[in-house]
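Coordinates from input-v7.cif are shown below (mmCIF, C-alpha atoms).
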data_model
loop_
_atom_site.label_atom_id
_atom_site.label_comp_id
_atom_site.auth_asym_id
_atom_site.auth_seq_id
_atom_site.Cartn_x
_atom_site.Cartn_y
_atom_site.Cartn_z
CA MET A 1 -76.84 92.35 -102.00
CA SER A 2 -78.08 95.96 -102.06
CA GLN A 3 -75.74 98.80 -101.23
CA ARG A 4 -75.88 99.69 -97.56
CA PRO A 5 -76.48 103.25 -96.40
CA GLY A 6 -73.85 105.26 -94.59
CA PHE A 7 -73.65 105.65 -90.81
CA PRO A 8 -74.92 107.26 -88.73
CA ILE A 9 -78.26 106.83 -90.45
CA LYS A 10 -80.77 109.65 -90.18
CA LEU A 11 -84.40 108.88 -90.87
CA SER A 12 -87.48 111.01 -90.85
CA ASN A 13 -89.94 110.50 -88.03
CA THR A 14 -92.39 108.67 -90.27
CA GLY A 15 -93.11 105.05 -89.53
CA ALA A 16 -93.29 103.02 -86.42
CA GLY A 17 -91.32 100.60 -84.39
CA THR A 18 -91.44 97.69 -82.16
CA GLY A 19 -92.20 97.76 -78.46
CA ALA A 20 -88.54 97.65 -77.89
CA GLY A 21 -88.48 96.23 -74.41
CA LYS A 22 -86.88 92.93 -73.68
CA GLY A 23 -88.32 89.70 -72.35
CA THR A 24 -87.48 86.54 -70.54
CA ALA A 25 -87.27 82.94 -71.62
CA THR A 26 -86.80 79.54 -70.09
CA ALA A 27 -83.26 78.23 -70.52
CA ARG A 28 -82.98 75.45 -73.07
CA LYS A 29 -80.03 73.40 -74.18
CA VAL A 30 -79.09 73.74 -77.82
CA PRO A 31 -76.71 71.87 -80.12
CA ALA A 32 -73.09 72.88 -80.09
CA GLY A 33 -72.27 75.56 -82.66
CA ALA A 34 -69.33 76.03 -84.94
CA THR A 35 -65.87 76.70 -83.59
CA ALA A 36 -64.91 80.26 -82.79
CA PRO A 37 -63.25 82.23 -85.58
CA ALA A 38 -59.49 82.37 -85.35
CA GLY A 39 -58.05 85.31 -83.52
CA GLN A 40 -60.92 85.96 -81.13
CA LYS A 41 -60.12 86.69 -77.50
CA PRO A 42 -61.35 84.17 -74.95
CA ALA A 43 -64.57 84.94 -73.12
CA GLY A 44 -64.17 87.24 -70.17
CA THR A 45 -61.43 89.41 -71.64
CA GLN A 46 -61.74 93.16 -71.82
CA PRO A 47 -63.04 94.60 -75.12
CA LYS A 48 -60.72 96.85 -77.08
CA ALA A 49 -62.95 99.83 -76.33
CA ALA A 50 -64.96 101.08 -73.39
CA SER A 51 -63.18 99.28 -70.56
CA ALA A 52 -65.20 101.36 -68.11
CA GLN A 53 -65.19 100.48 -64.45
CA VAL A 54 -67.96 101.17 -61.95
CA SER A 55 -66.26 103.38 -59.41
CA GLY A 56 -67.02 102.86 -55.75
CA LEU A 57 -68.77 99.52 -56.24
CA GLY A 58 -65.76 97.20 -56.19
CA LEU A 59 -66.97 95.62 -59.42
CA ASP A 60 -64.30 93.61 -61.26
CA SER A 61 -66.19 93.42 -64.53
CA GLY A 62 -63.70 91.04 -66.16
CA ALA A 63 -64.08 88.49 -63.39
CA VAL A 64 -67.85 88.78 -63.12
CA ARG A 65 -68.27 88.53 -66.90
CA ALA A 66 -66.19 85.38 -66.90
CA ARG A 67 -68.38 83.98 -64.13
CA MET A 68 -71.50 84.93 -66.10
CA VAL A 69 -70.14 83.13 -69.16
CA ARG A 70 -69.44 79.99 -67.12
CA LYS A 71 -73.01 80.07 -65.82
CA LEU A 72 -74.36 80.46 -69.37
CA ALA A 73 -72.37 77.41 -70.43
CA GLU A 74 -73.78 75.47 -67.49
CA GLN A 75 -77.28 76.53 -68.57
CA GLY A 76 -76.76 75.01 -72.01
CA VAL A 77 -75.26 77.73 -74.20
CA LYS A 78 -72.62 75.92 -76.25
CA ASP A 79 -71.62 78.08 -79.20
CA PRO A 80 -68.12 79.43 -78.47
CA ARG A 81 -68.79 82.51 -80.62
CA VAL A 82 -71.75 83.45 -78.46
CA LEU A 83 -69.95 82.77 -75.18
CA ASP A 84 -66.98 84.82 -76.38
CA ALA A 85 -69.23 87.74 -77.37
CA MET A 86 -71.08 87.65 -74.05
CA GLY A 87 -67.72 87.78 -72.29
CA ARG A 88 -66.53 90.77 -74.29
CA VAL A 89 -69.42 93.18 -73.69
CA GLU A 90 -69.56 95.02 -70.38
CA ARG A 91 -73.23 94.73 -69.43
CA HIS A 92 -72.88 97.15 -66.54
CA CYS A 93 -72.26 99.94 -69.07
CA PHE A 94 -75.83 99.52 -70.35
CA VAL A 95 -77.71 99.84 -67.04
CA GLU A 96 -78.11 102.61 -64.49
CA THR A 97 -75.22 102.94 -62.05
CA ALA A 98 -77.53 102.08 -59.15
CA LEU A 99 -78.17 98.68 -60.79
CA ALA A 100 -74.58 97.95 -61.82
CA ASN A 101 -74.10 95.45 -58.97
CA GLN A 102 -76.84 93.32 -60.57
CA ALA A 103 -75.59 93.69 -64.14
CA TYR A 104 -74.08 90.20 -64.38
CA GLU A 105 -76.86 88.34 -62.62
CA ASP A 106 -79.21 86.30 -64.82
CA THR A 107 -82.03 88.77 -64.48
CA SER A 108 -83.75 91.46 -66.52
CA LEU A 109 -83.32 95.05 -65.34
CA PRO A 110 -85.28 98.25 -66.02
CA ILE A 111 -83.81 100.63 -68.60
CA GLY A 112 -86.53 103.30 -68.56
CA LEU A 113 -89.75 103.99 -70.49
CA GLY A 114 -91.26 100.80 -69.09
CA GLN A 115 -88.69 98.61 -70.86
CA THR A 116 -86.03 96.19 -69.62
CA ILE A 117 -82.70 94.73 -70.64
CA SER A 118 -83.10 90.99 -71.23
CA LYS A 119 -81.56 88.36 -68.99
CA PRO A 120 -78.10 87.32 -70.25
CA ASN A 121 -79.41 83.80 -70.81
CA VAL A 122 -82.16 85.11 -73.10
CA VAL A 123 -79.73 87.19 -75.14
CA ALA A 124 -77.31 84.29 -75.48
CA ARG A 125 -80.09 81.82 -76.30
CA MET A 126 -81.56 83.91 -79.10
CA ILE A 127 -78.19 84.78 -80.63
CA GLU A 128 -77.15 81.13 -80.49
CA LEU A 129 -80.30 80.21 -82.43
CA LEU A 130 -79.38 82.88 -84.97
CA CYS A 131 -75.88 81.39 -85.33
CA GLN A 132 -77.04 77.79 -85.59
CA ASP A 133 -75.67 75.93 -88.64
CA VAL A 134 -73.70 79.01 -89.75
CA PRO A 135 -69.91 78.59 -89.84
CA GLY A 136 -67.83 81.62 -88.94
CA LYS A 137 -69.38 85.07 -88.66
CA LEU A 138 -72.96 85.86 -89.52
CA GLY A 139 -73.58 88.34 -92.30
CA ARG A 140 -75.80 91.41 -91.99
CA ILE A 141 -78.29 91.26 -89.09
CA LEU A 142 -81.43 93.28 -88.39
CA GLU A 143 -82.35 93.74 -84.73
CA ILE A 144 -85.91 94.83 -83.96
CA GLY A 145 -85.92 96.77 -80.68
CA THR A 146 -82.56 98.31 -79.78
CA GLY A 147 -83.48 99.00 -76.17
CA CYS A 148 -80.39 100.11 -74.27
CA GLY A 149 -78.06 98.77 -76.98
CA TYR A 150 -76.66 95.76 -75.12
CA GLN A 151 -77.80 93.04 -77.51
CA ALA A 152 -76.62 95.08 -80.50
CA ALA A 153 -73.16 95.22 -78.90
CA VAL A 154 -73.13 91.44 -78.42
CA LEU A 155 -74.33 90.91 -82.00
CA SER A 156 -71.50 93.10 -83.28
CA HIS A 157 -69.02 90.38 -82.30
CA VAL A 158 -70.78 87.56 -84.17
CA ALA A 159 -71.95 89.43 -87.29
CA THR A 160 -70.30 91.51 -89.98
CA GLU A 161 -72.96 94.25 -89.68
CA VAL A 162 -75.83 95.01 -87.32
CA TYR A 163 -78.78 97.25 -88.16
CA SER A 164 -80.80 97.94 -85.01
CA ILE A 165 -84.10 99.81 -85.08
CA GLU A 166 -85.94 101.32 -82.11
CA ARG A 167 -89.38 102.99 -81.95
CA LEU A 168 -88.87 104.90 -78.68
CA ARG A 169 -86.70 107.96 -79.22
CA GLY A 170 -85.59 108.04 -75.59
CA LEU A 171 -84.18 104.52 -75.84
CA HIS A 172 -82.69 105.17 -79.27
CA GLU A 173 -80.74 108.11 -77.86
CA LYS A 174 -79.77 106.16 -74.75
CA ALA A 175 -78.42 103.32 -76.89
CA ARG A 176 -76.36 105.77 -78.93
CA THR A 177 -74.87 107.15 -75.72
CA HIS A 178 -74.10 103.67 -74.38
CA LEU A 179 -72.55 102.39 -77.60
CA ARG A 180 -70.50 105.44 -78.57
CA PRO A 181 -67.49 104.65 -76.30
CA PHE A 182 -67.24 101.12 -77.74
CA LYS A 183 -66.67 102.47 -81.29
CA LEU A 184 -68.45 99.53 -82.89
CA HIS A 185 -68.32 100.69 -86.48
CA ASN A 186 -70.39 97.75 -87.72
CA VAL A 187 -73.42 98.74 -85.62
CA HIS A 188 -75.97 101.10 -87.21
CA LEU A 189 -78.74 102.52 -85.02
CA ILE A 190 -82.04 103.58 -86.59
CA PHE A 191 -85.01 105.42 -85.11
CA GLY A 192 -88.10 104.24 -86.92
CA ASP A 193 -90.73 101.62 -87.61
CA GLY A 194 -89.47 98.21 -86.65
CA MET A 195 -92.60 96.52 -87.96
CA LEU A 196 -91.58 97.68 -91.42
CA GLY A 197 -88.05 96.39 -90.96
CA TYR A 198 -85.35 98.34 -92.75
CA PRO A 199 -85.44 97.55 -96.49
CA LYS A 200 -82.39 99.71 -97.33
CA GLY A 201 -80.17 97.22 -95.53
CA ALA A 202 -81.83 94.06 -96.87
CA PRO A 203 -81.39 91.22 -97.49
CA TYR A 204 -80.42 90.13 -93.98
CA ALA A 205 -78.66 86.93 -92.98
CA GLY A 206 -80.66 87.06 -89.76
CA ILE A 207 -83.42 89.02 -88.04
CA ILE A 208 -83.91 89.03 -84.27
CA SER A 209 -86.82 90.66 -82.45
CA ALA A 210 -87.21 91.77 -78.84
CA ALA A 211 -91.01 92.14 -79.08
CA GLY A 212 -93.74 89.71 -80.03
CA GLY A 213 -96.95 90.05 -82.03
CA GLU A 214 -99.75 87.83 -83.27
CA ASN A 215 -97.81 87.18 -86.47
CA VAL A 216 -94.36 87.81 -87.85
CA PRO A 217 -94.62 90.90 -90.10
CA GLN A 218 -94.44 90.10 -93.81
CA SER A 219 -91.85 92.86 -94.21
CA TRP A 220 -89.40 90.88 -92.08
CA LEU A 221 -89.93 87.73 -94.12
CA ASP A 222 -89.43 89.69 -97.35
CA GLN A 223 -86.19 91.24 -96.10
CA LEU A 224 -84.72 87.93 -94.88
CA ALA A 225 -82.18 86.41 -97.26
CA VAL A 226 -82.64 82.87 -98.55
CA GLY A 227 -80.87 80.68 -96.02
CA GLY A 228 -81.36 83.31 -93.30
CA ARG A 229 -82.97 82.82 -89.90
CA LEU A 230 -85.54 84.90 -88.07
CA ILE A 231 -85.82 84.62 -84.28
CA ALA A 232 -88.85 86.23 -82.65
CA PRO A 233 -91.44 85.75 -79.90
CA THR A 234 -94.88 85.09 -81.43
CA VAL A 235 -98.32 84.53 -79.95
CA THR A 236 -99.45 80.92 -80.42
CA PRO A 237 -103.04 79.83 -81.22
CA ALA A 238 -103.39 79.04 -77.52
CA GLY A 239 -102.76 82.71 -76.74
CA HIS A 240 -99.29 82.33 -75.22
CA GLN A 241 -95.98 83.68 -76.46
CA ALA A 242 -93.41 81.22 -77.73
CA LEU A 243 -89.99 81.65 -79.30
CA VAL A 244 -90.21 80.96 -83.03
CA VAL A 245 -87.39 80.22 -85.47
CA ILE A 246 -88.12 80.74 -89.16
CA LEU A 247 -85.67 79.53 -91.82
CA LYS A 248 -86.13 80.99 -95.30
CA THR A 249 -85.49 78.49 -98.06
CA ALA A 250 -85.78 78.65 -101.84
CA GLU A 251 -89.09 76.81 -101.51
CA GLY A 252 -90.57 78.90 -98.70
CA PHE A 253 -90.32 79.05 -94.91
CA ASP A 254 -89.59 76.38 -92.29
CA ARG A 255 -91.06 77.33 -88.93
CA GLN A 256 -90.12 75.85 -85.55
CA VAL A 257 -91.92 76.73 -82.31
CA LEU A 258 -89.73 76.46 -79.21
CA GLU A 259 -90.16 77.31 -75.51
CA ALA A 260 -92.61 79.70 -73.91
CA VAL A 261 -91.33 83.26 -73.46
CA HIS A 262 -92.60 86.60 -72.22
CA PHE A 263 -91.72 89.71 -74.22
CA VAL A 264 -93.41 93.08 -74.57
CA PRO A 265 -95.99 93.36 -77.37
CA LEU A 266 -94.87 94.30 -80.85
CA LYS A 267 -96.14 97.83 -81.56
CA SER A 268 -96.28 100.23 -84.46
CA GLY A 269 -95.71 103.95 -84.25
CA VAL A 270 -92.79 105.96 -82.92
CA ALA A 271 -92.82 107.71 -79.58
#

Written form, structure tokens:
Amino acid sequence: MSQRPGFPIKLSNTGAGTGAGKGTATARKVPAGATAPAGQKPAGTQPKAASAQVSGLGLDSGAVRARMVRKLAEQGVKDPRVLDAMGRVERHCFVETALANQAYEDTSLPIGLGQTISKPNVVARMIELLCQDVPGKLGRILEIGTGCGYQAAVLSHVATEVYSIERLRGLHEKARTHLRPFKLHNVHLIFGDGMLGYPKGAPYAGIISAAGGENVPQSWLDQLAVGGRLIAPTVTPAGHQALVVILKTAEGFDRQVLEAVHFVPLKSGVA
């Protein structure tokens, strides 16, 4: 595996990115995942860092996160690693204060620049697909479309390293601000061209995208490790978006088309 760059990473403004907004998906039951790694805190507990409270709103984030996790389990999310990670990350820290009361509802919320934070069920669903058939922690993950930083924070609890790239500078800076108090040293934020991936960090055990195009960029497939999974919304021949899972094998790629979804279009260029 190639040597990883240091953090924080500083890139030039060349290249492009992804339309980094988040989408929605229909809940779908998935097979149970591997058991949670030893030593993890149960879902709903406070993270070690950034135990921020929303003053004046009467929001008990520990209790509402636990309730959110129970709802996710009822909706079909089974992997204990994913449920634990969803319970650890304080979603209200990634949205505007005026929207904090809605932070733990299963709904997308605006985060600025025409983008949204995905529904908790969508985040959990896609990460569970990424974790499928992988015992223990995932290896190095590439996230296309950082957005407000919430999904990167969740990924940090199921992967050894997370490289997250965002094409919109305003969101890139917002994500840095949101994530800084959590001190997640395995999360690396990059401002640049998501369509090109990030070859300096490759190969990746998994790639997850928050924007969908006509095709999965070849750069992503090239940077995916053998045995790795790629989860992304892709436009089908019928003209609709669907969630696609691509497994890279020694012989090529196995592709599985799942449920219909609605994400922002995959775009090139930074802004």

- Proximity to Val69 in chain A - best of A:Ser108, A:Asn121, A:Phe94, A:Ala225, all atoms listed in the file: A:Asn121

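Among A:Ile111, A:Ala85, A:Ala205, A:Leu196, the residue with the shortest atom-to-atom distance to Ala98 in chain A, counting only C-alpha atoms, is A:Ile111.
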
- Hits from the PyMOL selection byres ((chain A and resi 212-218) around 6), listed as a PyMOL selection string: chain A and resi 211+219-221+233-235+265-266

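Taking all atoms listed in the file into account, Leu243 in chain A lies nearest to A:Met126 out of the set A:Leu179, A:Met126, A:Leu155, A:Arg169.
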
Sorted by chain and rising residue number, which residues of range 119-163 of chain A lie within 10 Å of range 244-262 of chain A, and what are their closest atom pairs and distances in Å to one decimal, counting all atoms listed in the file, as CSV?
residue,atom,partner,partner_atom,distance
A:Val122,CA,A:Val261,CA,9.4
A:Met126,CA,A:Val245,CA,9.4
A:Leu129,CA,A:Val245,CA,7.7
A:Leu130,CA,A:Val245,CA,8.5

To test the calculation: enclose all listed atoms of range 157-171 of chain A in a box whose edges run along x, y and z, add 4 Å on each side, then state centre and edge lengths in Å to one decimal, as JSON.
{"center_x": -79.2, "center_y": 97.8, "center_z": -82.8, "size_x": 28.4, "size_y": 28.5, "size_z": 22.4}

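Interatomic distance, CA of Val89 in chain A to CA of Ile117 in chain A: 13.7 Å.
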